[in-house]
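Below is the file work.txt, which contains compact mmCIF, C-alpha atoms and all ligand atoms.
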```
# COMPACT_ATOMS: atom_id res chain seq x y z
CA MET F 1 29.39 11.56 -0.80
CA ASP F 2 29.16 15.33 -1.19
CA VAL F 3 25.37 15.61 -0.81
CA GLN F 4 25.04 19.23 -1.87
CA ARG F 5 27.08 18.60 -4.98
CA PHE F 6 24.98 15.53 -5.79
CA ILE F 7 21.78 17.61 -5.50
CA ASP F 8 23.19 20.44 -7.65
CA ASP F 9 24.35 17.98 -10.31
CA LYS F 10 21.01 16.16 -10.44
CA VAL F 11 19.00 19.38 -10.55
CA ARG F 12 21.11 20.54 -13.49
CA GLU F 13 20.89 17.18 -15.26
CA LEU F 14 17.10 16.98 -14.85
CA ARG F 15 16.66 20.50 -16.20
CA GLN F 16 18.91 19.75 -19.16
CA ALA F 17 17.15 16.47 -19.93
CA VAL F 18 13.60 17.82 -19.71
CA GLY F 19 14.31 21.21 -21.33
CA SER F 20 11.09 22.99 -22.17
CA ALA F 21 9.05 19.75 -22.04
CA SER F 22 7.46 18.39 -18.87
CA ALA F 23 7.61 15.28 -16.72
CA ILE F 24 5.47 13.21 -14.40
CA ASN F 25 6.33 11.04 -11.42
CA ALA F 26 4.54 8.83 -8.93
CA ALA F 27 4.98 9.16 -5.18
CA SER F 28 4.27 5.90 -3.37
CA GLY F 29 4.99 7.11 0.16
CA GLY F 30 8.29 5.19 0.14
CA VAL F 31 11.63 6.90 0.76
CA ASP F 32 13.01 6.72 -2.79
CA SER F 33 9.95 8.10 -4.56
CA SER F 34 9.55 10.81 -1.90
CA VAL F 35 13.14 11.99 -2.34
CA CYS F 36 12.71 11.82 -6.10
CA THR F 37 9.58 13.96 -5.88
CA VAL F 38 11.29 16.74 -3.93
CA LEU F 39 14.43 16.63 -6.09
CA GLY F 40 12.26 16.66 -9.23
CA HIS F 41 10.26 19.66 -8.05
CA ARG F 42 13.40 21.53 -7.08
CA ALA F 43 14.67 21.02 -10.64
CA LEU F 44 11.48 21.39 -12.65
CA SER F 45 8.90 23.11 -10.38
CA ASP F 46 5.60 23.14 -12.26
CA HIS F 47 7.09 21.29 -15.22
CA LEU F 48 6.75 18.20 -13.02
CA LYS F 49 3.35 16.74 -12.11
CA THR F 50 3.28 14.27 -9.24
CA PHE F 51 0.66 11.55 -8.84
CA PHE F 52 -0.21 9.07 -6.14
CA ILE F 53 -1.45 5.92 -7.86
CA ASP F 54 -3.97 4.18 -5.64
CA ASN F 55 -3.41 0.65 -6.92
CA ALA F 56 -5.36 -1.05 -4.09
CA LEU F 57 -2.01 -2.35 -2.80
CA MET F 58 -1.12 0.54 -0.48
CA ARG F 59 -1.01 0.74 3.29
CA GLN F 60 -3.83 2.00 5.48
CA GLY F 61 -4.46 5.76 5.13
CA GLU F 62 -1.53 6.12 2.71
CA PRO F 63 -3.18 8.13 -0.11
CA GLN F 64 -4.25 10.87 2.30
CA ARG F 65 -0.93 10.79 4.20
CA VAL F 66 1.14 11.23 1.04
CA VAL F 67 -1.03 14.05 -0.33
CA GLN F 68 -0.88 15.90 3.01
CA THR F 69 2.87 15.44 3.51
CA PHE F 70 3.70 16.94 0.13
CA ALA F 71 1.05 19.65 0.42
CA ARG F 72 2.93 20.87 3.52
CA MET F 73 6.04 21.20 1.34
CA GLY F 74 4.09 23.09 -1.33
CA ILE F 75 4.06 20.14 -3.75
CA PRO F 76 0.64 19.23 -5.15
CA VAL F 77 -0.02 15.50 -5.54
CA THR F 78 -2.94 14.25 -7.62
CA LEU F 79 -4.67 11.03 -6.56
CA VAL F 80 -5.35 8.50 -9.30
CA ASP F 81 -7.82 5.74 -8.54
CA ALA F 82 -6.40 2.71 -10.37
CA ARG F 83 -7.64 0.06 -7.95
CA ALA F 84 -9.82 -1.79 -10.44
CA GLU F 85 -7.08 -1.93 -13.08
CA PHE F 86 -4.50 -3.44 -10.74
CA LEU F 87 -6.89 -5.92 -9.13
CA SER F 88 -8.00 -7.17 -12.50
CA ALA F 89 -4.38 -7.40 -13.75
CA LEU F 90 -3.52 -9.54 -10.71
CA ARG F 91 -6.60 -11.77 -10.76
CA GLY F 92 -5.78 -15.47 -10.77
CA LEU F 93 -1.97 -14.97 -10.68
CA ILE F 94 0.05 -17.03 -8.20
CA ASP F 95 3.58 -17.10 -9.58
CA PRO F 96 5.70 -14.32 -7.98
CA GLU F 97 7.32 -13.20 -11.23
CA ALA F 98 3.96 -13.22 -13.05
CA LYS F 99 2.54 -10.99 -10.30
CA ARG F 100 5.48 -8.58 -10.55
CA GLU F 101 5.18 -8.50 -14.34
CA ALA F 102 1.44 -7.76 -14.12
CA ILE F 103 2.16 -4.85 -11.78
CA THR F 104 4.93 -3.53 -14.03
CA GLN F 105 2.61 -3.66 -17.05
CA ALA F 106 -0.28 -2.02 -15.19
CA PHE F 107 2.01 0.82 -14.08
CA TYR F 108 3.99 1.39 -17.25
CA ALA F 109 1.80 0.25 -20.13
CA GLN F 110 -1.53 1.44 -18.71
CA ILE F 111 -1.38 4.08 -15.98
CA PHE F 112 1.82 6.00 -16.79
CA ARG F 113 1.12 5.85 -20.51
CA ARG F 114 -2.32 7.33 -19.91
CA LEU F 115 -0.98 10.04 -17.57
CA ILE F 116 1.72 10.93 -20.10
CA GLU F 117 -0.95 11.31 -22.78
CA GLU F 118 -3.29 13.31 -20.56
CA THR F 119 -0.59 15.70 -19.32
CA GLY F 120 1.36 15.97 -22.57
CA ALA F 121 4.54 15.12 -20.61
CA ARG F 122 7.48 13.36 -22.28
CA PHE F 123 9.37 12.04 -19.27
CA LEU F 124 8.72 9.82 -16.29
CA ILE F 125 10.98 10.41 -13.29
CA HIS F 126 11.74 7.25 -11.38
CA GLY F 127 13.12 6.56 -7.90
CA THR F 128 15.20 3.56 -8.98
CA ILE F 129 18.27 3.10 -6.76
CA LEU F 130 21.53 1.26 -7.33
CA THR F 131 20.54 -1.77 -5.24
CA ASP F 132 17.38 -2.25 -7.37
CA ILE F 133 19.51 -2.30 -10.52
CA GLU F 134 22.26 -4.55 -9.18
CA GLU F 135 19.90 -7.17 -7.77
CA THR F 136 17.73 -7.28 -10.87
CA VAL F 137 20.69 -7.52 -13.23
CA ALA F 138 22.19 -10.28 -11.03
CA GLY F 139 18.88 -12.17 -11.26
CA ILE F 140 18.32 -12.05 -7.50
CA LYS F 141 15.03 -10.21 -7.83
CA ARG F 142 12.96 -8.63 -10.56
CA GLN F 143 12.38 -5.14 -9.16
CA HIS F 144 9.21 -3.73 -10.63
CA ASN F 145 10.88 -0.52 -11.74
CA ILE F 146 13.84 -1.91 -13.69
CA LEU F 147 13.33 -1.64 -17.43
CA ALA F 148 16.24 -0.36 -19.53
CA GLN F 149 18.75 -2.39 -17.53
CA ILE F 150 17.02 -5.62 -18.58
CA GLY F 151 16.62 -4.66 -22.20
CA ILE F 152 13.24 -2.91 -22.20
CA ASP F 153 13.23 0.38 -24.12
CA PRO F 154 10.49 2.40 -22.43
CA GLU F 155 10.36 4.93 -25.26
CA LYS F 156 9.69 2.21 -27.85
CA GLN F 157 7.43 0.14 -25.67
CA PHE F 158 5.48 2.75 -23.73
CA GLY F 159 6.09 6.05 -25.54
CA TYR F 160 8.01 8.01 -22.90
CA ARG F 161 11.55 8.41 -21.57
CA ILE F 162 12.56 7.54 -18.03
CA LEU F 163 14.93 9.60 -15.89
CA GLU F 164 16.49 8.02 -12.80
CA PRO F 165 18.25 10.66 -10.70
CA LEU F 166 18.88 8.31 -7.73
CA ALA F 167 20.35 5.45 -9.75
CA GLU F 168 23.86 5.90 -8.26
CA LEU F 169 22.70 5.79 -4.64
CA ARG F 170 21.89 3.15 -2.09
CA LYS F 171 19.25 3.54 0.60
CA ASP F 172 21.55 5.31 3.08
CA GLY F 173 22.60 7.79 0.38
CA VAL F 174 18.98 8.44 -0.57
CA ARG F 175 18.23 9.25 3.07
CA GLU F 176 21.15 11.73 3.24
CA VAL F 177 19.84 13.47 0.13
CA GLY F 178 16.31 13.52 1.56
CA LYS F 179 17.58 15.14 4.72
CA ALA F 180 19.58 17.74 2.80
CA LEU F 181 16.54 18.55 0.65
CA GLY F 182 14.64 19.46 3.80
CA LEU F 183 12.19 16.57 3.82
CA PRO F 184 10.59 15.99 7.22
CA ASN F 185 12.50 13.23 9.02
CA GLU F 186 9.40 11.03 9.23
CA VAL F 187 9.63 10.86 5.43
CA TYR F 188 13.33 10.23 4.80
CA GLU F 189 13.66 7.97 7.86
CA ARG F 190 10.58 5.99 6.94
CA ILE F 191 11.04 2.28 6.54
CA PRO F 192 11.40 1.16 2.92
CA PHE F 193 8.20 0.21 1.14
CA PRO F 194 8.44 -1.59 -2.21
CA GLY F 195 6.82 -0.28 -5.40
CA PRO F 196 4.68 -3.42 -5.87
CA ALA F 197 3.53 -2.64 -2.35
CA LEU F 198 1.46 -5.15 -0.37
CA ALA F 199 1.52 -7.55 -3.35
CA THR F 200 5.08 -8.45 -2.27
CA ARG F 201 3.64 -9.61 1.07
CA ILE F 202 0.85 -11.84 -0.21
CA VAL F 203 1.94 -15.31 -1.19
CA GLY F 204 -0.55 -16.67 -3.74
CA GLU F 205 -3.40 -14.74 -5.28
CA VAL F 206 -3.81 -11.02 -4.55
CA THR F 207 -7.50 -10.37 -3.92
CA GLU F 208 -9.29 -7.50 -2.24
CA GLU F 209 -10.11 -9.66 0.77
CA ARG F 210 -6.52 -10.87 1.19
CA LEU F 211 -5.26 -7.31 0.77
CA ASP F 212 -7.57 -6.09 3.51
CA LEU F 213 -6.17 -8.72 5.84
CA VAL F 214 -2.50 -8.01 5.14
CA ARG F 215 -3.18 -4.25 5.31
CA ALA F 216 -4.73 -4.59 8.79
CA ALA F 217 -1.83 -6.81 9.96
CA THR F 218 0.71 -4.36 8.50
CA ALA F 219 -0.86 -1.47 10.44
CA ILE F 220 -0.47 -3.47 13.67
CA VAL F 221 3.14 -4.44 12.93
CA GLU F 222 4.12 -0.87 11.98
CA GLU F 223 2.52 0.53 15.12
CA GLU F 224 4.10 -2.03 17.46
CA LEU F 225 7.57 -2.05 15.89
CA ALA F 226 8.11 1.65 15.11
CA PRO F 227 9.91 2.15 18.47
CA THR F 228 12.48 -0.54 17.55
CA LYS F 229 13.96 1.71 14.83
CA ALA F 230 14.63 -1.46 12.84
CA PHE F 231 15.44 -1.08 9.12
CA GLN F 232 12.15 -2.60 7.93
CA TYR F 233 9.18 -4.48 9.42
CA PHE F 234 5.94 -5.77 7.96
CA ALA F 235 3.33 -8.55 7.86
CA VAL F 236 2.98 -11.32 5.28
CA LEU F 237 -0.01 -13.48 4.40
CA LEU F 238 0.68 -17.11 3.49
CA THR F 239 -1.50 -19.38 1.37
CA ASP F 240 -1.27 -22.20 3.89
CA LYS F 241 -3.90 -22.34 6.58
CA ALA F 242 -3.85 -23.91 10.02
CA THR F 243 -6.29 -25.22 12.56
CA GLY F 244 -6.99 -23.10 15.61
CA ILE F 245 -9.57 -22.66 18.33
CA ARG F 246 -11.79 -19.62 18.67
CA GLY F 247 -14.75 -19.29 21.00
CA GLY F 248 -14.40 -22.97 21.89
CA LYS F 249 -14.72 -24.00 18.22
CA ARG F 250 -12.11 -25.32 15.83
CA GLU F 251 -11.48 -23.10 12.84
CA PHE F 252 -9.23 -23.45 9.80
CA GLY F 253 -7.67 -19.99 9.60
CA HIS F 254 -4.99 -17.75 8.10
CA ILE F 255 -1.31 -17.61 9.02
CA ILE F 256 0.40 -14.23 9.27
CA VAL F 257 4.19 -13.91 9.35
CA VAL F 258 5.90 -10.94 10.98
CA ARG F 259 9.26 -9.92 9.49
CA CYS F 260 11.59 -7.39 11.12
CA ILE F 261 15.16 -6.85 9.90
CA GLU F 262 18.34 -4.85 10.44
CA SER F 263 20.25 -3.63 7.40
CA THR F 264 21.91 -0.57 5.90
CA ASP F 265 21.00 -0.98 2.25
CA ALA F 266 18.79 -4.13 2.08
CA ARG F 267 21.46 -6.09 0.20
CA GLU F 268 22.02 -8.18 3.30
CA ALA F 269 19.89 -8.29 6.40
CA THR F 270 19.84 -9.84 9.85
CA VAL F 271 16.77 -10.53 11.94
CA THR F 272 15.94 -8.11 14.75
CA GLN F 273 16.09 -9.76 18.19
CA LEU F 274 12.73 -8.50 19.37
CA PRO F 275 11.88 -8.71 23.06
CA TRP F 276 9.55 -11.58 23.95
CA LYS F 277 6.97 -9.12 25.29
CA THR F 278 6.79 -7.35 21.93
CA LEU F 279 6.43 -10.64 20.08
CA SER F 280 3.64 -11.78 22.40
CA ARG F 281 1.75 -8.53 21.99
CA LEU F 282 2.05 -8.82 18.22
CA ALA F 283 0.72 -12.38 18.33
CA ASP F 284 -2.23 -11.28 20.51
CA ARG F 285 -3.18 -8.40 18.27
CA ILE F 286 -2.67 -10.21 14.98
CA THR F 287 -4.66 -13.29 16.00
CA ALA F 288 -7.50 -10.96 17.00
CA LEU F 289 -7.94 -10.24 13.27
CA PRO F 290 -10.83 -12.17 11.71
CA ASN F 291 -10.00 -15.79 10.87
CA VAL F 292 -6.29 -15.45 11.72
CA ASN F 293 -5.20 -18.05 14.24
CA ARG F 294 -1.41 -18.20 13.83
CA CYS F 295 1.26 -15.52 14.00
CA LEU F 296 4.83 -16.54 13.14
CA TYR F 297 8.11 -14.60 13.44
CA ASP F 298 10.51 -15.05 10.49
CA LEU F 299 14.04 -15.91 11.71
CA THR F 300 15.72 -15.92 8.30
CA PRO F 301 18.50 -13.48 7.39
CA LYS F 302 19.13 -12.26 3.82
CA PRO F 303 20.64 -14.33 2.29
CA PRO F 304 19.29 -16.97 1.96
CA ALA F 305 15.89 -15.24 2.20
CA THR F 306 15.05 -12.02 0.40
CA VAL F 307 13.44 -9.27 2.43
CA GLU F 308 10.03 -9.57 0.73
CA TYR F 309 8.15 -12.81 0.08
CA VAL F 310 7.21 -12.24 -3.58
P1 LIG F 401 14.31 -8.00 -1.43
O1 LIG F 401 12.97 -8.63 -1.20
O2 LIG F 401 14.69 -7.98 -2.88
O3 LIG F 401 14.16 -6.50 -0.99
O4 LIG F 401 15.40 -8.59 -0.57
C1 LIG F 401 15.24 -5.59 -0.85
C2 LIG F 401 14.67 -4.22 -0.57
O5 LIG F 401 13.99 -3.74 -1.73
C3 LIG F 401 12.60 -3.57 -1.49
N1 LIG F 401 11.92 -4.09 -2.69
C4 LIG F 401 11.49 -3.33 -3.72
N2 LIG F 401 11.47 -1.99 -3.88
N3 LIG F 401 10.45 -2.29 -6.00
C5 LIG F 401 10.91 -1.49 -5.02
O6 LIG F 401 10.84 -0.27 -5.18
C6 LIG F 401 10.44 -3.63 -5.90
O7 LIG F 401 10.00 -4.34 -6.81
C7 LIG F 401 10.98 -4.18 -4.70
N4 LIG F 401 11.14 -5.46 -4.26
C8 LIG F 401 11.72 -5.38 -3.03
C9 LIG F 401 12.29 -4.33 -0.22
O8 LIG F 401 11.19 -3.78 0.48
C10 LIG F 401 13.60 -4.23 0.54
O9 LIG F 401 13.72 -3.03 1.25
```

Show me this structure written as structure tokens.
Amino acid sequence: MDVQRFIDDKVRELRQAVGSASAINAASGGVDSSVCTVLGHRALSDHLKTFFIDNALMRQGEPQRVVQTFARMGIPVTLVDARAEFLSALRGLIDPEAKREAITQAFYAQIFRRLIEETGARFLIHGTILTDIEETVAGIKRQHNILAQIGIDPEKQFGYRILEPLAELRKDGVREVGKALGLPNEVYERIPFPGPALATRIVGEVTEERLDLVRAATAIVEEELAPTKAFQYFAVLLTDKATGIRGGKREFGHIIVVRCIESTDAREATVTQLPWKTLSRLADRITALPNVNRCLYDLTPKPPATVEYV
């Protein structure tokens, strides 16, 4: 790919599409939305308003980290506190597709619609990439951000148009573009993080308490596994519980799964062969979390597993 040419083309296309109107986008801290944010600002400057939607599903310290990272690049990011809306949309849901649908609706029918109204913008810029589209169309996964490709007309349904400048790229291409746009390498080299965020790592109901647990476990996994340079690594909370012993007493506690994979574009993945010492340290730290007495390492490649659990 000719990266510079790609950037020039997309800048021109975004300007042409938006014209004298304006656009909004949401930065989640993930690679795709970060690259989209910088590309969007290069094309539209202050005709683009960027938001960080705090949906209660984000990683530890993420709202502040995202705002600071973009502030250093001269891009203002406005924090939107949508925690209550997302938690109430997810209450009582167990089925994975129902959870994804609730998140899609909360984003597109509630939050983005409101932000579009408040800002007077006409367009939403999206970090959808080719793999998201292919896997959703093939029925492998319902990515939260796929709409038009599965027959949803966002303009009719939500009242705004969606622009997807990264829709021809896979993850490795997105990273090349991020690098060429001058993003700091800790941003474009960051491990992928899905739009539905920690909800994809909670099997069963997403509650504040269960989010706190998976968020704390995720922070441990990210800290311990960053030196591996693996493609992606995270923690998952299961609904099953298991018996353990703590302080000489039996307890029925939570089970956390650690997943760490190698891949180039997340279409296929193999499991990272982590050193035993690393695995033991992870187990020690994760079972020190309250009421967690098992830590498992997922040995399943993709396929047959997907990367995420929901
Ligand atoms: P799966 O679980 O489908 O994940 O094997 C493949 C890659 O995509 C990420 N992922 C998502 N990203 N919205 C996103 O923006 C989503 O709904 C979504 N679901 C999965 C996942 O983290 C992995 O890198």

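From atom CA of F:Pro196 back to atom CA of F:Ala138, the distance works out to 19.5 Å.
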
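Residues with any atom within 8 Å of the point (17.0, -1.5, 0.1), counting all atoms listed in the file, are Thr131, Asp132, Arg170, Lys171, Pro192, Thr264, Asp265, Ala266 and Arg267 of chain F.
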
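Near ligand LIG 401 (chain F), at a distance of at most 7 Å and with only C-alpha atoms and all ligand atoms counted, sit the residues Thr128, Asp132, Lys141, Arg142, Gln143, His144, Asn145, Pro192, Phe193, Pro194, Gly195, Pro196, Gln232, Ala266, Arg267, Lys302, Thr306, Val307, Glu308 and Tyr309 of chain F.
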
Stretch 242-295 of chain F residues near stretch 199-207 of chain F within 12 Å, closest pair each, using only C-alpha atoms, as a Markdown table:
```
| residue | atom | partner | partner_atom | distance |
| --- | --- | --- | --- | --- |
| F:His254 | CA | F:Ile202 | CA | 11.8 |
| F:Ile255 | CA | F:Val203 | CA | 11.0 |
| F:Ile256 | CA | F:Ile202 | CA | 9.8 |
| F:Val257 | CA | F:Arg201 | CA | 9.3 |
| F:Val258 | CA | F:Arg201 | CA | 10.3 |
| F:Arg259 | CA | F:Arg201 | CA | 10.1 |
```

Show me, as an mmCIF file with C-alpha atoms, in the frame of the given file, the residues that have an atom within 10 Å of F:Leu93 when counting all atoms listed in the file, minus same-chain residues fewer than 2 positions from it.
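The result, stored in part32.cif:
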```cif
data_model
loop_
_atom_site.group_PDB
_atom_site.id
_atom_site.type_symbol
_atom_site.label_atom_id
_atom_site.label_comp_id
_atom_site.auth_asym_id
_atom_site.auth_seq_id
_atom_site.Cartn_x
_atom_site.Cartn_y
_atom_site.Cartn_z
ATOM 1 C CA ALA F 89 -4.380 -7.400 -13.750
ATOM 2 C CA LEU F 90 -3.520 -9.540 -10.710
ATOM 3 C CA ARG F 91 -6.600 -11.770 -10.760
ATOM 4 C CA ASP F 95 3.580 -17.100 -9.580
ATOM 5 C CA PRO F 96 5.700 -14.320 -7.980
ATOM 6 C CA GLU F 97 7.320 -13.200 -11.230
ATOM 7 C CA ALA F 98 3.960 -13.220 -13.050
ATOM 8 C CA LYS F 99 2.540 -10.990 -10.300
ATOM 9 C CA ARG F 100 5.480 -8.580 -10.550
ATOM 10 C CA ALA F 102 1.440 -7.760 -14.120
ATOM 11 C CA GLY F 204 -0.550 -16.670 -3.740
ATOM 12 C CA GLU F 205 -3.400 -14.740 -5.280
ATOM 13 C CA VAL F 206 -3.810 -11.020 -4.550
ATOM 14 C CA THR F 207 -7.500 -10.370 -3.920
#
```

Do a neighbour search on F:Gly173 at 10 Å with all atoms listed in the file, toss out local chain neighbours closer than 6 positions, and write the hits as an NGL selection string.
:F and (1 or 3 or 129 or 166 or 179 or 265)

Can you write out the residues you just picked, keeping C-alpha atoms, as an mmCIF file, keeping the file's coordinate frame?
```cif
data_model
loop_
_atom_site.group_PDB
_atom_site.id
_atom_site.type_symbol
_atom_site.label_atom_id
_atom_site.label_comp_id
_atom_site.auth_asym_id
_atom_site.auth_seq_id
_atom_site.Cartn_x
_atom_site.Cartn_y
_atom_site.Cartn_z
ATOM 1 C CA MET F 1 29.390 11.560 -0.800
ATOM 2 C CA VAL F 3 25.370 15.610 -0.810
ATOM 3 C CA ILE F 129 18.270 3.100 -6.760
ATOM 4 C CA LEU F 166 18.880 8.310 -7.730
ATOM 5 C CA LYS F 179 17.580 15.140 4.720
ATOM 6 C CA ASP F 265 21.000 -0.980 2.250
#
```

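Nearest to F:Leu296 of all the residues F:Leu183, F:Ile111, F:Val174, F:Ala283 is F:Ala283, counting all atoms listed in the file.
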
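Excluding F:Ile53 itself and same-chain residues fewer than 6 positions from it, the residues having an atom within 9 Å of it are Ala26, Ala27, Ser28, Pro63, Thr78, Leu79, Val80, Asp81, Ala82, Arg83, Phe107 and Ile111 of chain F, counting only C-alpha atoms.
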
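Nearest to F:Glu134 of all the residues F:Ala180, F:Leu169, F:Ile162, F:Leu115 is F:Leu169, counting all atoms listed in the file.
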
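Going from atom CA of F:Ala43 to atom CA of F:Pro184 covers 19.0 Å.
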
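Atom pair atom CA of F:Ala226 / atom CA of F:Val292 has a distance of 22.6 Å (rounded to one decimal).
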
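Across F:Ala217, F:Leu198, F:Leu124, F:Met73, the tightest approach to F:His47 is made by F:Leu124 when counting all atoms listed in the file.
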
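Counting all atoms listed in the file, the residue from F:Met58, F:Leu14, F:Ile116, F:Val214 that sits nearest to F:Leu289 is F:Val214.
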
Minimum-distance residue to F:Glu168, chosen among F:Cys260, F:Lys10, F:Glu101, F:Gln273 (using all atoms listed in the file):
F:Lys10

Taking all atoms listed in the file into account, which of F:Ser22, F:Asn185, F:Thr300, F:Thr37 comes nearest F:Tyr160?
F:Ser22

Within 12 Å of F:Gly29 using only C-alpha atoms, minus same-chain residues under 6 positions, as number ranges by chain:
F: 35-37, 50-54, 58-70, 77, 127, 186-195, 197

With all atoms listed in the file counted, which protein, DNA or RNA residues have an atom no more than 8 Å from (-7.1, -15.5, 20.6) in the file frame? Please answer as a PyMOL selection string.
chain F and resi 245-246+284+287-288+293

Find the axis-aligned box for stretch 24-27 of chain F, covering all its listed atoms and adding 3 Å on each side, and write its centre and edge lengths in Å to one decimal as lines of an AutoDock Vina configuration file.
```
center_x = 5.4
center_y = 11.0
center_z = -9.8
size_x = 7.8
size_y = 10.4
size_z = 15.2
```
